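Enquirer: You'll find input.txt just under this line, and it carries compact mmCIF, N, CA and C atoms.
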# COMPACT_ATOMS: atom_id res chain seq x y z
N MET A 127 75.40 103.94 192.68
CA MET A 127 75.08 104.58 191.41
C MET A 127 75.97 105.83 191.28
N ASP A 128 76.85 105.85 190.30
CA ASP A 128 77.74 106.99 190.10
C ASP A 128 77.25 107.85 188.95
N TYR A 129 77.12 109.15 189.20
CA TYR A 129 76.70 110.09 188.16
C TYR A 129 77.25 111.45 188.50
N ASP A 130 77.30 112.33 187.51
CA ASP A 130 77.87 113.67 187.70
C ASP A 130 76.80 114.70 188.04
N ILE A 131 75.65 114.63 187.41
CA ILE A 131 74.53 115.51 187.74
C ILE A 131 73.26 114.69 187.72
N CYS A 132 72.21 115.23 188.31
CA CYS A 132 70.97 114.49 188.31
C CYS A 132 69.78 115.43 188.17
N ASP A 133 68.70 114.88 187.67
CA ASP A 133 67.45 115.62 187.50
C ASP A 133 67.04 116.20 188.85
N PRO A 134 66.75 117.50 188.93
CA PRO A 134 66.39 118.10 190.22
C PRO A 134 65.12 117.53 190.84
N SER A 135 64.31 116.83 190.06
CA SER A 135 63.11 116.22 190.64
C SER A 135 63.46 114.97 191.45
N ILE A 136 64.68 114.48 191.34
CA ILE A 136 65.13 113.32 192.10
C ILE A 136 65.76 113.84 193.38
N ARG A 137 65.03 113.70 194.49
CA ARG A 137 65.48 114.29 195.75
C ARG A 137 65.85 113.25 196.80
N CYS A 138 65.49 112.00 196.58
CA CYS A 138 65.83 110.95 197.55
C CYS A 138 65.95 109.63 196.81
N GLY A 139 66.37 108.61 197.52
CA GLY A 139 66.55 107.31 196.90
C GLY A 139 65.29 106.77 196.24
N ALA A 140 64.12 107.00 196.86
CA ALA A 140 62.86 106.50 196.30
C ALA A 140 62.55 107.15 194.96
N ASP A 141 62.98 108.40 194.77
CA ASP A 141 62.72 109.11 193.51
C ASP A 141 63.52 108.53 192.35
N LYS A 142 64.56 107.75 192.65
CA LYS A 142 65.42 107.21 191.59
C LYS A 142 64.75 106.08 190.81
N VAL A 143 63.65 105.55 191.31
CA VAL A 143 62.97 104.43 190.65
C VAL A 143 62.55 104.88 189.25
N GLY A 144 62.99 104.14 188.26
CA GLY A 144 62.66 104.46 186.88
C GLY A 144 63.66 105.37 186.19
N ALA A 145 64.60 105.93 186.96
CA ALA A 145 65.62 106.80 186.37
C ALA A 145 66.77 105.95 185.82
N SER A 146 67.46 106.49 184.86
CA SER A 146 68.62 105.83 184.26
C SER A 146 69.78 106.80 184.19
N ILE A 147 70.96 106.26 184.04
CA ILE A 147 72.14 107.10 183.84
C ILE A 147 72.39 107.18 182.34
N PHE A 148 72.39 108.41 181.83
CA PHE A 148 72.65 108.66 180.42
C PHE A 148 74.04 109.25 180.27
N LEU A 149 74.78 108.79 179.28
CA LEU A 149 76.11 109.32 179.00
C LEU A 149 75.98 110.42 177.97
N ILE A 150 76.37 111.63 178.37
CA ILE A 150 76.24 112.80 177.51
C ILE A 150 77.63 113.34 177.20
N GLU A 151 77.96 113.49 175.93
CA GLU A 151 79.27 114.01 175.55
C GLU A 151 79.31 115.52 175.71
N ARG A 152 80.35 115.99 176.38
CA ARG A 152 80.55 117.42 176.59
C ARG A 152 81.28 118.02 175.40
N LYS A 153 81.32 119.34 175.34
CA LYS A 153 81.97 120.04 174.23
C LYS A 153 83.44 119.67 174.11
N ASN A 154 84.09 119.38 175.25
CA ASN A 154 85.51 119.05 175.23
C ASN A 154 85.76 117.58 174.88
N GLY A 155 84.71 116.87 174.52
CA GLY A 155 84.84 115.47 174.12
C GLY A 155 84.73 114.47 175.26
N LYS A 156 84.74 114.96 176.50
CA LYS A 156 84.59 114.06 177.64
C LYS A 156 83.12 113.75 177.86
N VAL A 157 82.86 112.65 178.53
CA VAL A 157 81.49 112.20 178.75
C VAL A 157 81.11 112.42 180.21
N CYS A 158 79.90 112.91 180.43
CA CYS A 158 79.39 113.03 181.80
C CYS A 158 78.22 112.07 181.95
N ARG A 159 77.95 111.72 183.19
CA ARG A 159 76.85 110.81 183.51
C ARG A 159 75.73 111.63 184.13
N VAL A 160 74.54 111.51 183.56
CA VAL A 160 73.39 112.28 184.04
C VAL A 160 72.30 111.30 184.47
N LEU A 161 71.86 111.42 185.71
CA LEU A 161 70.77 110.59 186.21
C LEU A 161 69.47 111.32 185.89
N ALA A 162 68.66 110.72 185.04
CA ALA A 162 67.41 111.35 184.60
C ALA A 162 66.43 110.27 184.17
N PHE A 163 65.22 110.71 183.83
CA PHE A 163 64.19 109.77 183.41
C PHE A 163 64.12 109.59 181.90
N ALA A 164 64.71 110.51 181.14
CA ALA A 164 64.67 110.42 179.69
C ALA A 164 65.93 111.04 179.09
N GLN A 165 66.34 110.55 177.94
CA GLN A 165 67.52 111.06 177.25
C GLN A 165 67.42 112.57 177.02
N ARG A 166 66.25 113.02 176.57
CA ARG A 166 66.06 114.45 176.30
C ARG A 166 66.30 115.29 177.55
N ASN A 167 65.78 114.83 178.69
CA ASN A 167 65.99 115.54 179.95
C ASN A 167 67.47 115.57 180.32
N ALA A 168 68.15 114.45 180.12
CA ALA A 168 69.57 114.37 180.44
C ALA A 168 70.37 115.35 179.59
N GLU A 169 70.07 115.41 178.31
CA GLU A 169 70.78 116.33 177.42
C GLU A 169 70.54 117.78 177.81
N GLN A 170 69.31 118.10 178.17
CA GLN A 170 68.98 119.46 178.57
C GLN A 170 69.71 119.83 179.86
N LEU A 171 69.71 118.93 180.84
CA LEU A 171 70.40 119.20 182.09
C LEU A 171 71.89 119.41 181.86
N ALA A 172 72.48 118.60 180.99
CA ALA A 172 73.91 118.72 180.71
C ALA A 172 74.22 120.06 180.06
N ARG A 173 73.34 120.56 179.21
CA ARG A 173 73.55 121.85 178.56
C ARG A 173 73.48 123.01 179.56
N GLU A 174 72.70 122.84 180.62
CA GLU A 174 72.48 123.92 181.59
C GLU A 174 73.71 124.19 182.46
N TYR A 175 74.63 123.24 182.54
CA TYR A 175 75.82 123.41 183.36
C TYR A 175 76.96 123.93 182.51
N SER A 176 77.60 124.99 182.96
CA SER A 176 78.77 125.49 182.24
C SER A 176 79.96 124.60 182.56
N GLU A 177 80.97 124.68 181.74
CA GLU A 177 82.15 123.84 181.92
C GLU A 177 82.78 123.98 183.30
N ASN A 178 82.79 125.19 183.87
CA ASN A 178 83.45 125.36 185.17
C ASN A 178 82.62 124.82 186.33
N GLU A 179 81.42 124.36 186.09
CA GLU A 179 80.60 123.77 187.15
C GLU A 179 80.81 122.26 187.26
N TRP A 180 81.48 121.67 186.30
CA TRP A 180 81.69 120.22 186.31
C TRP A 180 82.84 119.88 187.23
N PRO A 181 82.76 118.75 187.92
CA PRO A 181 83.90 118.33 188.74
C PRO A 181 85.07 117.97 187.83
N ALA A 182 86.27 118.23 188.29
CA ALA A 182 87.46 117.85 187.53
C ALA A 182 87.57 116.33 187.54
N ASP A 183 88.27 115.78 186.57
CA ASP A 183 88.44 114.33 186.52
C ASP A 183 89.05 113.83 187.82
N GLY A 184 88.48 112.79 188.37
CA GLY A 184 88.97 112.21 189.60
C GLY A 184 88.34 112.79 190.86
N GLU A 185 87.63 113.92 190.74
CA GLU A 185 86.95 114.49 191.90
C GLU A 185 85.61 113.79 192.10
N PRO A 186 85.08 113.82 193.31
CA PRO A 186 83.76 113.19 193.53
C PRO A 186 82.69 113.86 192.67
N SER A 187 81.71 113.09 192.29
CA SER A 187 80.61 113.62 191.52
C SER A 187 79.79 114.58 192.36
N LEU A 188 79.07 115.49 191.70
CA LEU A 188 78.29 116.50 192.40
C LEU A 188 77.23 115.92 193.32
N PHE A 189 76.68 114.76 192.97
CA PHE A 189 75.59 114.19 193.74
C PHE A 189 75.94 112.83 194.34
N ASP A 190 77.22 112.57 194.59
CA ASP A 190 77.62 111.27 195.14
C ASP A 190 76.94 110.94 196.45
N GLY A 191 76.68 111.96 197.28
CA GLY A 191 76.08 111.70 198.58
C GLY A 191 74.57 111.58 198.54
N PHE A 192 74.00 111.65 197.37
CA PHE A 192 72.55 111.64 197.23
C PHE A 192 71.94 110.36 197.70
Represent the supplied structure as structure tokens.

Expert:
Amino acid sequence: MDYDICDPSIRCGADKVGASIFLIERKNGKVCRVLAFAQRNAEQLAREYSENEWPADGEPSLFDGF
């Protein structure tokens, strides 16, 4: 499962049950992948991260090792 950020309530593989990856468009027009339980939560999480906190294109996602 590849995603850029995830809901902080998801702490282990078992917590992922019922979660989905939502594609959220960033201000620069690029899309990020957010692992969350609802679209609204994904949008809110994406807004909370500033542009300099996102991995650059081609870099590993923030939660790849999750």

Enquirer: Tell me, as a list in words, which residues lie within 7 Å of A:Ile150, counting only N, CA and C atoms; anything in the same chain fewer than 5 positions away does not count.

Expert: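 Returned residues: Lys156, Val157, Cys158, Arg159, Val160, Ala168 and Glu169 of chain A.
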
Enquirer: Taking (76.7, 112.6, 187.2) in the coordinates of the supplied file, I want to know which residues reach to within 6 Å of it, counting all atoms listed in the file; could you give the answer as a list of chain:residue names?

Expert: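 Output: A:Asp128, A:Tyr129, A:Asp130, A:Ile131, A:Cys132, A:Cys158, A:Arg159, A:Val160, A:Leu161, A:Ser187, A:Leu188.
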
Enquirer: Mind checking DSSP for stretch 144-182 of chain A and telling me the strand (DSSP E or B) residues as a ChimeraX atom specification?

Expert: /A:146-151,157-162

Enquirer: Please compute the atom CA of A:Arg166-atom CA of A:Asp141 distance, one decimal, in Å.

Expert: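 Separation between atom CA of A:Arg166 and atom CA of A:Asp141: 18.3 Å.
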
Enquirer: Interatomic distance between atom N of A:Arg173 and atom CA of A:Gly155?

Expert: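 Going from atom N of A:Arg173 over to atom CA of A:Gly155, I get 13.6 Å.
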
Enquirer: Quick one: pull the distance between atom C of A:Ser146 and atom CA of A:Ala162, Å, one decimal.

Expert: 5.1 Å

Enquirer: Of the residues A:Gln165, A:Gln170, A:Tyr175, A:Ile136, which is the one nearest to A:Phe148, using all atoms listed in the file?

Expert: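 Selected residue with least distance to A:Phe148: A:Gln165.
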